[in-house]
Amino acid sequence: MRVTMIGAGYVGLVSGACFADFGHHVTCVDKDARKVAALNRGEVPIFEPGLAELVDANVRQQRLQFAVDTAAVNDAEAVFIAVGTPSRRGDGHADLSFVYDAVREIAPLLAATAVVVTKSTVPVGTGDEIERILREKRPDADIQVVSNPEFLREGAAIQDFKHPDRIVIGTADAGARAVLAEVYRPLYLNAPPMFYVSRRTAELIKYAANAFLATKISFINEVADLCEQVGADVNEVARGIGMDNRIGGKFLHAGPGFGGSCFPKDTSALLKTAQDHGVPLRIVEAVAAVNDQRKRAMSRKVVAALDGSVRGKTIAVLGLTFKPNTDDTRDSPAIPLITALEDLGAKVRAYDPAGMEQAKPHLPGVQYCGNAYDAAEGAHAVVIATEWEQFRALDLGRLRSAMAQPVIVDLRNVYRADEMRRAQFRYVAVGRPGVD
Ligand code: UGA
């Protein structure tokens, strides 16, 4: 099939590369000429395990190409819109200007029977507006508009795309459903459920899924706070409740709060949609508020671990990205944590395997280091802010000898108290007993 992807950002690039790998002929269109040129040379501008290899292989086999010009849409059977929908400055609504601009631009070029598919996360009703624009600009054509939200995670994007839990197809039109079934046909071997629903339902499924996952995280984070007060262990509480299939064990890791390009933005946009319709979602409101307060509040843990003050002290922060296996620092909990520590008079040294370049503009006062041990040099505490694999098995002896004093604040619960006791560290975790 001929597929065009509008937008070569995270979702567009991963989806485009995977569709090409399925055997389709894919053109990814992006306005950024430098990015397009780099991609055509096989250079991938984002850090995502396996993506560079996938892009390279499919470019070489001439199933995947990149273009600045939208002309490629004219012979595409399916045109996916995967442009950004950032939070609109000021009000938290999703900014849909990139989506509508793209639709206006491609409208005159589309084949009369093309199917336009939104993969971008867009509020309920966006598909209706896209349809309105297309009807206005192309009264001659019968272009169907489908919602096909994407559920992939950064850091596991290709695996998630190729082994989805479900594929949600939002359209009532039988012809459009058949086109989407054909696009995803190569996945039939893995037999993911194809879930056909109305377009508005599909749009809402995406937001409800992210809001529910965010709810699990804020829930367990509040339970972690309670565990600290009553002397319980949140990891065991999470396992204990997760063994109940109705609850499920995933997304119950307590930590410094959720970040990234999706949960904070999507919970905010969902709240705006709900308010506009006079249906406040009070649980989601609380989820967002709990998370916002939590990130900066993590600095209090560091202060407590250092007997009440970080003024004049050096803190080593390991991990700046919002989670491992990405270079993305958007809404990363490490950023408000570090600014809070700096506001309290601490000097911060930091190391991240992939996110330091992205963090620099937000954290100009930080001393960036070459590895975890270098960051720990002269530090009064090491804070683990992101659970990168390489921070899970640190040489604790080496770390301790680099530090001014042996204190670890483990905001991702990657270590056990007994190993910290043996290594003679003061150890503070999240929702679990530490070592004094
Ligand atoms: C999230 C969803 O998981 C994807 O299904 C969705 O497609 C994507 O948003 C999107 O809408 O595009 P992502 O933002 O890449 O994916 O990352 P997650 O793995 O979901 O993690 C989000 C944040 O929650 C991270 O800061 C992570 O550290 C935190 N988290 C996650 C926890 O604190 N505890 C957990 O148990 C799980």
# chains A, B, ... in the order shown; residues from 1 in each chain; ligands from 1

call {"tool": "residues_around", "arguments": {"residues": "Ala404 in chain A", "least_positions_apart": "5", "cutoff": "9 Å", "atoms": "only C-alpha atoms", "output": "list of chain:residue names"}}
result
A:Thr314, A:Ala376, A:Glu377, A:Gly378, A:Ala379, A:His380, A:Ala381

call {"tool": "select_by_dssp", "arguments": {"residues": "range 223-377 of chain A", "states": "strand (DSSP E or B)", "output": "NGL selection string"}}
result
:A and (314-318 or 347-351 or 367-368)

call {"tool": "select_by_dssp", "arguments": {"residues": "range 91-306 of chain A", "states": "alpha helix (DSSP H)", "output": "JSON list (two decimals) with N, CA and C atoms, in the first residue's frame"}}
result
[["chain", "number", "residue", "atom", "x", "y", "z"],
["A", 97, "SER", "N", -3.44, 23.69, 15.94],
["A", 97, "SER", "CA", -3.15, 24.46, 14.71],
["A", 97, "SER", "C", -2.31, 23.64, 13.72],
["A", 98, "PHE", "N", -1.40, 22.81, 14.23],
["A", 98, "PHE", "CA", -0.57, 22.02, 13.29],
["A", 98, "PHE", "C", -1.42, 21.00, 12.55],
["A", 99, "VAL", "N", -2.40, 20.45, 13.26],
["A", 99, "VAL", "CA", -3.28, 19.45, 12.64],
["A", 99, "VAL", "C", -4.09, 20.11, 11.53],
["A", 100, "TYR", "N", -4.75, 21.22, 11.86],
["A", 100, "TYR", "CA", -5.64, 21.83, 10.87],
["A", 100, "TYR", "C", -4.83, 22.43, 9.70],
["A", 101, "ASP", "N", -3.66, 22.99, 10.00],
["A", 101, "ASP", "CA", -2.82, 23.52, 8.91],
["A", 101, "ASP", "C", -2.47, 22.39, 7.95],
["A", 102, "ALA", "N", -2.11, 21.23, 8.52],
["A", 102, "ALA", "CA", -1.73, 20.09, 7.67],
["A", 102, "ALA", "C", -2.92, 19.67, 6.80],
["A", 103, "VAL", "N", -4.11, 19.63, 7.39],
["A", 103, "VAL", "CA", -5.28, 19.19, 6.63],
["A", 103, "VAL", "C", -5.56, 20.17, 5.49],
["A", 104, "ARG", "N", -5.48, 21.48, 5.79],
["A", 104, "ARG", "CA", -5.73, 22.47, 4.74],
["A", 104, "ARG", "C", -4.70, 22.34, 3.61],
["A", 105, "GLU", "N", -3.47, 22.03, 4.00],
["A", 105, "GLU", "CA", -2.41, 21.94, 3.00],
["A", 105, "GLU", "C", -2.59, 20.71, 2.10],
["A", 106, "ILE", "N", -2.97, 19.59, 2.69],
["A", 106, "ILE", "CA", -3.05, 18.37, 1.87],
["A", 106, "ILE", "C", -4.38, 18.26, 1.12],
["A", 126, "THR", "N", -12.26, 16.52, 17.05],
["A", 126, "THR", "CA", -11.28, 17.02, 16.08],
["A", 126, "THR", "C", -11.52, 16.39, 14.70],
["A", 127, "GLY", "N", -11.84, 15.10, 14.71],
["A", 127, "GLY", "CA", -12.11, 14.41, 13.44],
["A", 127, "GLY", "C", -13.27, 15.06, 12.70],
["A", 128, "ASP", "N", -14.28, 15.53, 13.45],
["A", 128, "ASP", "CA", -15.43, 16.18, 12.81],
["A", 128, "ASP", "C", -14.99, 17.47, 12.11],
["A", 129, "GLU", "N", -14.11, 18.21, 12.78],
["A", 129, "GLU", "CA", -13.63, 19.47, 12.20],
["A", 129, "GLU", "C", -12.76, 19.20, 10.97],
["A", 130, "ILE", "N", -11.93, 18.14, 11.04],
["A", 130, "ILE", "CA", -11.11, 17.78, 9.87],
["A", 130, "ILE", "C", -12.04, 17.44, 8.70],
["A", 131, "GLU", "N", -13.08, 16.68, 9.00],
["A", 131, "GLU", "CA", -14.03, 16.30, 7.96],
["A", 131, "GLU", "C", -14.68, 17.54, 7.35],
["A", 132, "ARG", "N", -15.03, 18.50, 8.21],
["A", 132, "ARG", "CA", -15.67, 19.72, 7.73],
["A", 132, "ARG", "C", -14.74, 20.46, 6.76],
["A", 133, "ILE", "N", -13.46, 20.56, 7.15],
["A", 133, "ILE", "CA", -12.48, 21.26, 6.29],
["A", 133, "ILE", "C", -12.38, 20.54, 4.94],
["A", 134, "LEU", "N", -12.30, 19.21, 5.00],
["A", 134, "LEU", "CA", -12.14, 18.46, 3.75],
["A", 134, "LEU", "C", -13.36, 18.57, 2.85],
["A", 135, "ARG", "N", -14.55, 18.54, 3.46],
["A", 135, "ARG", "CA", -15.78, 18.67, 2.65],
["A", 135, "ARG", "C", -15.81, 20.03, 1.97],
["A", 136, "GLU", "N", -15.36, 21.06, 2.73],
["A", 136, "GLU", "CA", -15.38, 22.42, 2.19],
["A", 136, "GLU", "C", -14.38, 22.57, 1.05],
["A", 137, "LYS", "N", -13.18, 22.01, 1.26],
["A", 137, "LYS", "CA", -12.13, 22.21, 0.25],
["A", 137, "LYS", "C", -12.23, 21.22, -0.89],
["A", 157, "ALA", "N", 9.20, 1.98, 21.84],
["A", 157, "ALA", "CA", 8.23, 2.38, 20.81],
["A", 157, "ALA", "C", 8.04, 1.31, 19.73],
["A", 158, "ILE", "N", 9.14, 0.72, 19.28],
["A", 158, "ILE", "CA", 9.00, -0.23, 18.15],
["A", 158, "ILE", "C", 8.32, -1.51, 18.63],
["A", 159, "GLN", "N", 8.75, -1.98, 19.77],
["A", 159, "GLN", "CA", 8.11, -3.16, 20.37],
["A", 159, "GLN", "C", 6.61, -2.89, 20.56],
["A", 160, "ASP", "N", 6.27, -1.74, 21.12],
["A", 160, "ASP", "CA", 4.86, -1.41, 21.36],
["A", 160, "ASP", "C", 4.08, -1.32, 20.04],
["A", 161, "PHE", "N", 4.72, -0.74, 19.02],
["A", 161, "PHE", "CA", 4.02, -0.57, 17.75],
["A", 161, "PHE", "C", 3.77, -1.92, 17.08],
["A", 162, "LYS", "N", 4.76, -2.80, 17.20],
["A", 162, "LYS", "CA", 4.63, -4.08, 16.49],
["A", 162, "LYS", "C", 3.89, -5.14, 17.31],
["A", 174, "ALA", "N", -17.37, 1.46, 6.29],
["A", 174, "ALA", "CA", -16.85, 0.11, 6.03],
["A", 174, "ALA", "C", -15.61, 0.16, 5.13],
["A", 175, "GLY", "N", -15.61, 1.04, 4.13],
["A", 175, "GLY", "CA", -14.47, 1.14, 3.22],
["A", 175, "GLY", "C", -13.22, 1.59, 3.97],
["A", 176, "ALA", "N", -13.38, 2.59, 4.84],
["A", 176, "ALA", "CA", -12.24, 3.09, 5.61],
["A", 176, "ALA", "C", -11.74, 2.01, 6.58],
["A", 177, "ARG", "N", -12.65, 1.27, 7.16],
["A", 177, "ARG", "CA", -12.23, 0.17, 8.05],
["A", 177, "ARG", "C", -11.40, -0.85, 7.28],
["A", 178, "ALA", "N", -11.81, -1.12, 6.04],
["A", 178, "ALA", "CA", -11.07, -2.10, 5.22],
["A", 178, "ALA", "C", -9.66, -1.59, 4.90],
["A", 179, "VAL", "N", -9.54, -0.29, 4.63],
["A", 179, "VAL", "CA", -8.21, 0.28, 4.34],
["A", 179, "VAL", "C", -7.31, 0.15, 5.57],
["A", 180, "LEU", "N", -7.85, 0.47, 6.74],
["A", 180, "LEU", "CA", -7.04, 0.37, 7.97],
["A", 180, "LEU", "C", -6.69, -1.08, 8.28],
["A", 181, "ALA", "N", -7.62, -1.99, 8.01],
["A", 181, "ALA", "CA", -7.35, -3.42, 8.24],
["A", 181, "ALA", "C", -6.19, -3.85, 7.35],
["A", 182, "GLU", "N", -6.14, -3.34, 6.14],
["A", 182, "GLU", "CA", -5.07, -3.68, 5.20],
["A", 182, "GLU", "C", -3.72, -3.09, 5.67],
["A", 183, "VAL", "N", -3.78, -1.85, 6.18],
["A", 183, "VAL", "CA", -2.54, -1.22, 6.68],
["A", 183, "VAL", "C", -1.93, -2.09, 7.79],
["A", 199, "ARG", "N", -15.66, 7.40, 15.66],
["A", 199, "ARG", "CA", -14.49, 8.27, 15.67],
["A", 199, "ARG", "C", -14.34, 9.00, 17.01],
["A", 200, "ARG", "N", -15.45, 9.50, 17.52],
["A", 200, "ARG", "CA", -15.38, 10.22, 18.81],
["A", 200, "ARG", "C", -14.97, 9.28, 19.94],
["A", 201, "THR", "N", -15.45, 8.07, 19.89],
["A", 201, "THR", "CA", -15.07, 7.10, 20.94],
["A", 201, "THR", "C", -13.57, 6.83, 20.88],
["A", 202, "ALA", "N", -13.05, 6.65, 19.66],
["A", 202, "ALA", "CA", -11.62, 6.38, 19.51],
["A", 202, "ALA", "C", -10.80, 7.55, 20.07],
["A", 203, "GLU", "N", -11.24, 8.76, 19.77],
["A", 203, "GLU", "CA", -10.50, 9.94, 20.26],
["A", 203, "GLU", "C", -10.49, 9.95, 21.79],
["A", 204, "LEU", "N", -11.62, 9.59, 22.38],
["A", 204, "LEU", "CA", -11.68, 9.62, 23.84],
["A", 204, "LEU", "C", -10.93, 8.45, 24.48],
["A", 205, "ILE", "N", -10.89, 7.31, 23.80],
["A", 205, "ILE", "CA", -10.16, 6.15, 24.35],
["A", 205, "ILE", "C", -8.71, 6.55, 24.64],
["A", 206, "LYS", "N", -8.12, 7.27, 23.71],
["A", 206, "LYS", "CA", -6.71, 7.66, 23.89],
["A", 206, "LYS", "C", -6.51, 8.49, 25.17],
["A", 207, "TYR", "N", -7.35, 9.50, 25.35],
["A", 207, "TYR", "CA", -7.20, 10.35, 26.55],
["A", 207, "TYR", "C", -7.55, 9.59, 27.82],
["A", 208, "ALA", "N", -8.60, 8.78, 27.74],
["A", 208, "ALA", "CA", -9.02, 8.04, 28.93],
["A", 208, "ALA", "C", -7.93, 7.04, 29.33],
["A", 209, "ALA", "N", -7.26, 6.44, 28.34],
["A", 209, "ALA", "CA", -6.19, 5.47, 28.64],
["A", 209, "ALA", "C", -5.04, 6.19, 29.36],
["A", 210, "ASN", "N", -4.59, 7.31, 28.80],
["A", 210, "ASN", "CA", -3.48, 8.02, 29.44],
["A", 210, "ASN", "C", -3.88, 8.54, 30.82],
["A", 211, "ALA", "N", -5.11, 9.04, 30.94],
["A", 211, "ALA", "CA", -5.54, 9.57, 32.25],
["A", 211, "ALA", "C", -5.62, 8.44, 33.27],
["A", 212, "PHE", "N", -6.04, 7.27, 32.83],
["A", 212, "PHE", "CA", -6.15, 6.15, 33.78],
["A", 212, "PHE", "C", -4.76, 5.69, 34.23],
["A", 213, "LEU", "N", -3.83, 5.60, 33.29],
["A", 213, "LEU", "CA", -2.46, 5.22, 33.66],
["A", 213, "LEU", "C", -1.86, 6.25, 34.61],
["A", 214, "ALA", "N", -2.10, 7.53, 34.32],
["A", 214, "ALA", "CA", -1.60, 8.59, 35.20],
["A", 214, "ALA", "C", -2.25, 8.48, 36.58],
["A", 215, "THR", "N", -3.51, 8.06, 36.60],
["A", 215, "THR", "CA", -4.21, 7.90, 37.88],
["A", 215, "THR", "C", -3.55, 6.81, 38.72],
["A", 216, "LYS", "N", -3.17, 5.70, 38.06],
["A", 216, "LYS", "CA", -2.51, 4.62, 38.80],
["A", 216, "LYS", "C", -1.22, 5.16, 39.45],
["A", 217, "ILE", "N", -0.51, 5.99, 38.69],
["A", 217, "ILE", "CA", 0.78, 6.48, 39.21],
["A", 217, "ILE", "C", 0.56, 7.44, 40.38],
["A", 218, "SER", "N", -0.36, 8.41, 40.21],
["A", 218, "SER", "CA", -0.58, 9.34, 41.33],
["A", 218, "SER", "C", -1.15, 8.60, 42.54],
["A", 219, "PHE", "N", -1.96, 7.60, 42.29],
["A", 219, "PHE", "CA", -2.52, 6.81, 43.39],
["A", 219, "PHE", "C", -1.40, 6.14, 44.18],
["A", 220, "ILE", "N", -0.52, 5.44, 43.49],
["A", 220, "ILE", "CA", 0.52, 4.69, 44.22],
["A", 220, "ILE", "C", 1.51, 5.68, 44.86],
["A", 221, "ASN", "N", 1.69, 6.85, 44.25],
["A", 221, "ASN", "CA", 2.59, 7.83, 44.86],
["A", 221, "ASN", "C", 2.01, 8.35, 46.18],
["A", 222, "GLU", "N", 0.71, 8.54, 46.23],
["A", 222, "GLU", "CA", 0.12, 8.97, 47.51],
["A", 222, "GLU", "C", 0.17, 7.83, 48.53],
["A", 223, "VAL", "N", -0.04, 6.60, 48.06],
["A", 223, "VAL", "CA", 0.07, 5.46, 48.98],
["A", 223, "VAL", "C", 1.51, 5.37, 49.51],
["A", 224, "ALA", "N", 2.47, 5.69, 48.65],
["A", 224, "ALA", "CA", 3.88, 5.67, 49.08],
["A", 224, "ALA", "C", 4.10, 6.66, 50.23],
["A", 225, "ASP", "N", 3.49, 7.84, 50.11],
["A", 225, "ASP", "CA", 3.63, 8.83, 51.19],
["A", 225, "ASP", "C", 3.07, 8.27, 52.49],
["A", 226, "LEU", "N", 1.94, 7.58, 52.38],
["A", 226, "LEU", "CA", 1.34, 6.99, 53.58],
["A", 226, "LEU", "C", 2.23, 5.87, 54.14],
["A", 227, "CYS", "N", 2.79, 5.07, 53.23],
["A", 227, "CYS", "CA", 3.70, 3.99, 53.67],
["A", 227, "CYS", "C", 4.83, 4.57, 54.52],
["A", 228, "GLU", "N", 5.35, 5.70, 54.08],
["A", 228, "GLU", "CA", 6.47, 6.31, 54.83],
["A", 228, "GLU", "C", 6.05, 6.66, 56.25],
["A", 229, "GLN", "N", 4.80, 7.10, 56.40],
["A", 229, "GLN", "CA", 4.35, 7.51, 57.74],
["A", 229, "GLN", "C", 4.04, 6.31, 58.63],
["A", 230, "VAL", "N", 3.59, 5.21, 58.03],
["A", 230, "VAL", "CA", 3.15, 4.08, 58.85],
["A", 230, "VAL", "C", 4.15, 2.92, 58.86],
["A", 234, "VAL", "N", 5.93, 0.31, 50.00],
["A", 234, "VAL", "CA", 5.03, 0.52, 48.86],
["A", 234, "VAL", "C", 5.25, -0.48, 47.73],
["A", 235, "ASN", "N", 6.49, -0.97, 47.58],
["A", 235, "ASN", "CA", 6.72, -1.97, 46.52],
["A", 235, "ASN", "C", 5.90, -3.22, 46.81],
["A", 236, "GLU", "N", 5.87, -3.60, 48.09],
["A", 236, "GLU", "CA", 5.12, -4.79, 48.46],
["A", 236, "GLU", "C", 3.61, -4.53, 48.41],
["A", 237, "VAL", "N", 3.21, -3.32, 48.79],
["A", 237, "VAL", "CA", 1.78, -2.98, 48.67],
["A", 237, "VAL", "C", 1.37, -3.07, 47.20],
["A", 238, "ALA", "N", 2.21, -2.51, 46.31],
["A", 238, "ALA", "CA", 1.89, -2.52, 44.88],
["A", 238, "ALA", "C", 1.81, -3.95, 44.36],
["A", 239, "ARG", "N", 2.76, -4.78, 44.77],
["A", 239, "ARG", "CA", 2.71, -6.18, 44.32],
["A", 239, "ARG", "C", 1.48, -6.87, 44.87],
["A", 240, "GLY", "N", 1.21, -6.59, 46.13],
["A", 240, "GLY", "CA", 0.08, -7.24, 46.80],
["A", 240, "GLY", "C", -1.26, -6.88, 46.17],
["A", 241, "ILE", "N", -1.40, -5.64, 45.75],
["A", 241, "ILE", "CA", -2.68, -5.28, 45.11],
["A", 241, "ILE", "C", -2.66, -5.69, 43.63],
["A", 242, "GLY", "N", -1.47, -5.64, 43.02],
["A", 242, "GLY", "CA", -1.36, -5.94, 41.60],
["A", 242, "GLY", "C", -1.62, -7.40, 41.27],
["A", 263, "PHE", "N", 1.59, 12.31, 29.36],
["A", 263, "PHE", "CA", 0.67, 12.32, 30.51],
["A", 263, "PHE", "C", 0.35, 13.74, 31.00],
["A", 264, "PRO", "N", 1.35, 14.61, 31.24],
["A", 264, "PRO", "CA", 1.01, 15.94, 31.75],
["A", 264, "PRO", "C", 0.13, 16.72, 30.75],
["A", 265, "LYS", "N", 0.51, 16.66, 29.48],
["A", 265, "LYS", "CA", -0.22, 17.41, 28.45],
["A", 265, "LYS", "C", -1.62, 16.82, 28.23],
["A", 266, "ASP", "N", -1.70, 15.50, 28.19],
["A", 266, "ASP", "CA", -2.99, 14.88, 27.86],
["A", 266, "ASP", "C", -3.99, 14.96, 29.02],
["A", 267, "THR", "N", -3.50, 14.86, 30.26],
["A", 267, "THR", "CA", -4.44, 15.02, 31.38],
["A", 267, "THR", "C", -4.98, 16.45, 31.36],
["A", 268, "SER", "N", -4.11, 17.40, 31.09],
["A", 268, "SER", "CA", -4.56, 18.80, 31.06],
["A", 268, "SER", "C", -5.58, 19.02, 29.94],
["A", 269, "ALA", "N", -5.32, 18.49, 28.76],
["A", 269, "ALA", "CA", -6.25, 18.67, 27.63],
["A", 269, "ALA", "C", -7.58, 17.97, 27.90],
["A", 270, "LEU", "N", -7.53, 16.80, 28.53],
["A", 270, "LEU", "CA", -8.77, 16.09, 28.84],
["A", 270, "LEU", "C", -9.62, 16.89, 29.82],
["A", 271, "LEU", "N", -8.94, 17.50, 30.80],
["A", 271, "LEU", "CA", -9.67, 18.32, 31.77],
["A", 271, "LEU", "C", -10.36, 19.50, 31.07],
["A", 272, "LYS", "N", -9.67, 20.09, 30.10],
["A", 272, "LYS", "CA", -10.26, 21.22, 29.39],
["A", 272, "LYS", "C", -11.48, 20.76, 28.59],
["A", 273, "THR", "N", -11.36, 19.65, 27.89],
["A", 273, "THR", "CA", -12.50, 19.13, 27.13],
["A", 273, "THR", "C", -13.67, 18.89, 28.08],
["A", 274, "ALA", "N", -13.38, 18.28, 29.23],
["A", 274, "ALA", "CA", -14.44, 17.94, 30.18],
["A", 274, "ALA", "C", -15.11, 19.21, 30.70],
["A", 275, "GLN", "N", -14.30, 20.21, 31.01],
["A", 275, "GLN", "CA", -14.87, 21.48, 31.50],
["A", 275, "GLN", "C", -15.75, 22.12, 30.43],
["A", 276, "ASP", "N", -15.25, 22.10, 29.20],
["A", 276, "ASP", "CA", -16.03, 22.69, 28.10],
["A", 276, "ASP", "C", -17.40, 22.03, 27.97],
["A", 282, "ARG", "N", -13.22, 15.15, 38.31],
["A", 282, "ARG", "CA", -12.52, 15.53, 39.54],
["A", 282, "ARG", "C", -11.36, 14.60, 39.88],
["A", 283, "ILE", "N", -11.49, 13.34, 39.50],
["A", 283, "ILE", "CA", -10.39, 12.40, 39.81],
["A", 283, "ILE", "C", -9.16, 12.80, 39.00],
["A", 284, "VAL", "N", -9.37, 13.11, 37.71],
["A", 284, "VAL", "CA", -8.21, 13.47, 36.87],
["A", 284, "VAL", "C", -7.62, 14.81, 37.35],
["A", 285, "GLU", "N", -8.49, 15.71, 37.81],
["A", 285, "GLU", "CA", -7.98, 16.97, 38.36],
["A", 285, "GLU", "C", -7.02, 16.68, 39.53],
["A", 286, "ALA", "N", -7.44, 15.78, 40.41],
["A", 286, "ALA", "CA", -6.61, 15.46, 41.57],
["A", 286, "ALA", "C", -5.31, 14.78, 41.14],
["A", 287, "VAL", "N", -5.40, 13.92, 40.13],
["A", 287, "VAL", "CA", -4.21, 13.21, 39.62],
["A", 287, "VAL", "C", -3.16, 14.23, 39.15],
["A", 288, "ALA", "N", -3.63, 15.22, 38.39],
["A", 288, "ALA", "CA", -2.70, 16.22, 37.86],
["A", 288, "ALA", "C", -2.13, 17.08, 38.99],
["A", 289, "ALA", "N", -2.98, 17.46, 39.94],
["A", 289, "ALA", "CA", -2.51, 18.32, 41.02],
["A", 289, "ALA", "C", -1.50, 17.58, 41.91],
["A", 290, "VAL", "N", -1.80, 16.32, 42.22],
["A", 290, "VAL", "CA", -0.89, 15.52, 43.05],
["A", 290, "VAL", "C", 0.48, 15.44, 42.36],
["A", 291, "ASN", "N", 0.44, 15.23, 41.06],
["A", 291, "ASN", "CA", 1.69, 15.08, 40.33],
["A", 291, "ASN", "C", 2.49, 16.37, 40.27],
["A", 292, "ASP", "N", 1.79, 17.49, 40.03],
["A", 292, "ASP", "CA", 2.49, 18.78, 39.95],
["A", 292, "ASP", "C", 3.21, 19.09, 41.25],
["A", 293, "GLN", "N", 2.50, 18.86, 42.37],
["A", 293, "GLN", "CA", 3.10, 19.21, 43.66],
["A", 293, "GLN", "C", 4.26, 18.28, 44.01],
["A", 294, "ARG", "N", 4.15, 17.05, 43.53],
["A", 294, "ARG", "CA", 5.10, 16.03, 43.96],
["A", 294, "ARG", "C", 6.53, 16.30, 43.46],
["A", 295, "LYS", "N", 6.62, 16.78, 42.22],
["A", 295, "LYS", "CA", 7.96, 16.86, 41.61],
["A", 295, "LYS", "C", 8.90, 17.74, 42.43],
["A", 296, "ARG", "N", 8.45, 18.95, 42.73],
["A", 296, "ARG", "CA", 9.31, 19.87, 43.49],
["A", 296, "ARG", "C", 9.46, 19.38, 44.93],
["A", 297, "ALA", "N", 8.39, 18.75, 45.43],
["A", 297, "ALA", "CA", 8.41, 18.28, 46.82],
["A", 297, "ALA", "C", 9.50, 17.22, 47.05],
["A", 298, "MET", "N", 9.94, 16.58, 45.97],
["A", 298, "MET", "CA", 10.99, 15.56, 46.13],
["A", 298, "MET", "C", 12.27, 16.16, 46.74],
["A", 299, "SER", "N", 12.43, 17.48, 46.55],
["A", 299, "SER", "CA", 13.63, 18.11, 47.11],
["A", 299, "SER", "C", 13.62, 18.01, 48.63],
["A", 300, "ARG", "N", 12.40, 17.94, 49.22],
["A", 300, "ARG", "CA", 12.33, 17.85, 50.69],
["A", 300, "ARG", "C", 12.94, 16.55, 51.20],
["A", 301, "LYS", "N", 12.84, 15.52, 50.40],
["A", 301, "LYS", "CA", 13.45, 14.24, 50.78],
["A", 301, "LYS", "C", 14.97, 14.40, 50.87],
["A", 302, "VAL", "N", 15.50, 15.14, 49.90],
["A", 302, "VAL", "CA", 16.96, 15.33, 49.88],
["A", 302, "VAL", "C", 17.38, 16.17, 51.08],
["A", 303, "VAL", "N", 16.59, 17.22, 51.35],
["A", 303, "VAL", "CA", 16.89, 18.09, 52.50],
["A", 303, "VAL", "C", 16.86, 17.26, 53.79],
["A", 304, "ALA", "N", 15.83, 16.42, 53.92],
["A", 304, "ALA", "CA", 15.72, 15.61, 55.15],
["A", 304, "ALA", "C", 16.90, 14.64, 55.27],
["A", 305, "ALA", "N", 17.31, 14.08, 54.13],
["A", 305, "ALA", "CA", 18.43, 13.12, 54.17],
["A", 305, "ALA", "C", 19.72, 13.80, 54.58]]

call {"tool": "residues_around", "arguments": {"residues": "Gln61 in chain A", "least_positions_apart": "2", "cutoff": "12 Å", "atoms": "only C-alpha atoms", "output": "compact mmCIF listing (two decimals) with N, CA, C and O atoms, in the first residue's frame"}}
result
# COMPACT_ATOMS: atom_id res chain seq x y z
N ALA A 17 8.24 4.22 10.02
CA ALA A 17 9.28 3.20 9.86
C ALA A 17 8.68 1.80 10.03
O ALA A 17 9.02 0.87 9.28
N ALA A 20 6.60 0.86 6.97
CA ALA A 20 7.50 0.50 5.88
C ALA A 20 8.03 -0.91 6.11
O ALA A 20 8.12 -1.72 5.17
N ASP A 21 8.35 -1.20 7.35
CA ASP A 21 8.86 -2.53 7.68
C ASP A 21 7.80 -3.61 7.45
O ASP A 21 8.14 -4.77 7.20
N GLY A 23 6.10 -3.63 4.92
CA GLY A 23 6.09 -3.83 3.48
C GLY A 23 5.38 -2.74 2.70
O GLY A 23 5.34 -2.77 1.47
N HIS A 24 4.80 -1.76 3.39
CA HIS A 24 4.13 -0.67 2.68
C HIS A 24 5.16 0.34 2.16
O HIS A 24 6.30 0.38 2.65
N HIS A 25 4.73 1.14 1.20
CA HIS A 25 5.60 2.21 0.70
C HIS A 25 5.21 3.49 1.42
O HIS A 25 4.09 3.97 1.26
N VAL A 26 6.14 4.01 2.20
CA VAL A 26 5.80 5.10 3.10
C VAL A 26 6.63 6.34 2.79
O VAL A 26 7.85 6.26 2.63
N GLY A 42 19.68 8.49 6.47
CA GLY A 42 19.61 7.42 7.46
C GLY A 42 19.96 7.89 8.87
O GLY A 42 20.17 7.07 9.76
N LEU A 54 16.02 0.50 11.99
CA LEU A 54 14.78 0.26 11.24
C LEU A 54 14.64 1.27 10.10
O LEU A 54 14.29 0.91 8.97
N VAL A 55 14.93 2.53 10.41
CA VAL A 55 14.85 3.58 9.39
C VAL A 55 15.86 3.28 8.29
O VAL A 55 15.53 3.27 7.10
N ASP A 56 17.08 3.00 8.70
CA ASP A 56 18.15 2.76 7.74
C ASP A 56 17.80 1.60 6.80
O ASP A 56 17.89 1.71 5.58
N ALA A 57 17.35 0.49 7.38
CA ALA A 57 17.04 -0.69 6.57
C ALA A 57 15.93 -0.40 5.57
O ALA A 57 15.99 -0.80 4.40
N ASN A 58 14.91 0.34 6.00
CA ASN A 58 13.77 0.57 5.11
C ASN A 58 14.03 1.66 4.08
O ASN A 58 13.49 1.60 2.98
N VAL A 59 14.89 2.62 4.43
CA VAL A 59 15.31 3.62 3.44
C VAL A 59 16.08 2.90 2.34
O VAL A 59 15.85 3.10 1.14
N ARG A 63 11.56 1.49 0.71
CA ARG A 63 10.15 1.49 1.11
C ARG A 63 9.83 2.71 1.95
O ARG A 63 8.67 2.99 2.22
N LEU A 64 10.88 3.41 2.39
CA LEU A 64 10.68 4.55 3.28
C LEU A 64 11.45 5.74 2.73
O LEU A 64 12.64 5.63 2.44
N GLN A 65 10.74 6.85 2.57
CA GLN A 65 11.44 8.06 2.17
C GLN A 65 10.87 9.25 2.92
O GLN A 65 9.79 9.18 3.50

call {"tool": "residues_around", "arguments": {"residues": "Leu399 in chain A", "least_positions_apart": "4", "cutoff": "12 Å", "atoms": "only C-alpha atoms", "output": "PyMOL selection string"}}
result
chain A and resi 316+371-382+391+393-395+403-408+420+423-425

call {"tool": "residues_around", "arguments": {"residues": "Gly319 in chain A", "least_positions_apart": "6", "cutoff": "10 Å", "atoms": "only C-alpha atoms", "output": "number ranges by chain"}}
result
A: 329, 332-334, 350-356, 372, 383-388, 391
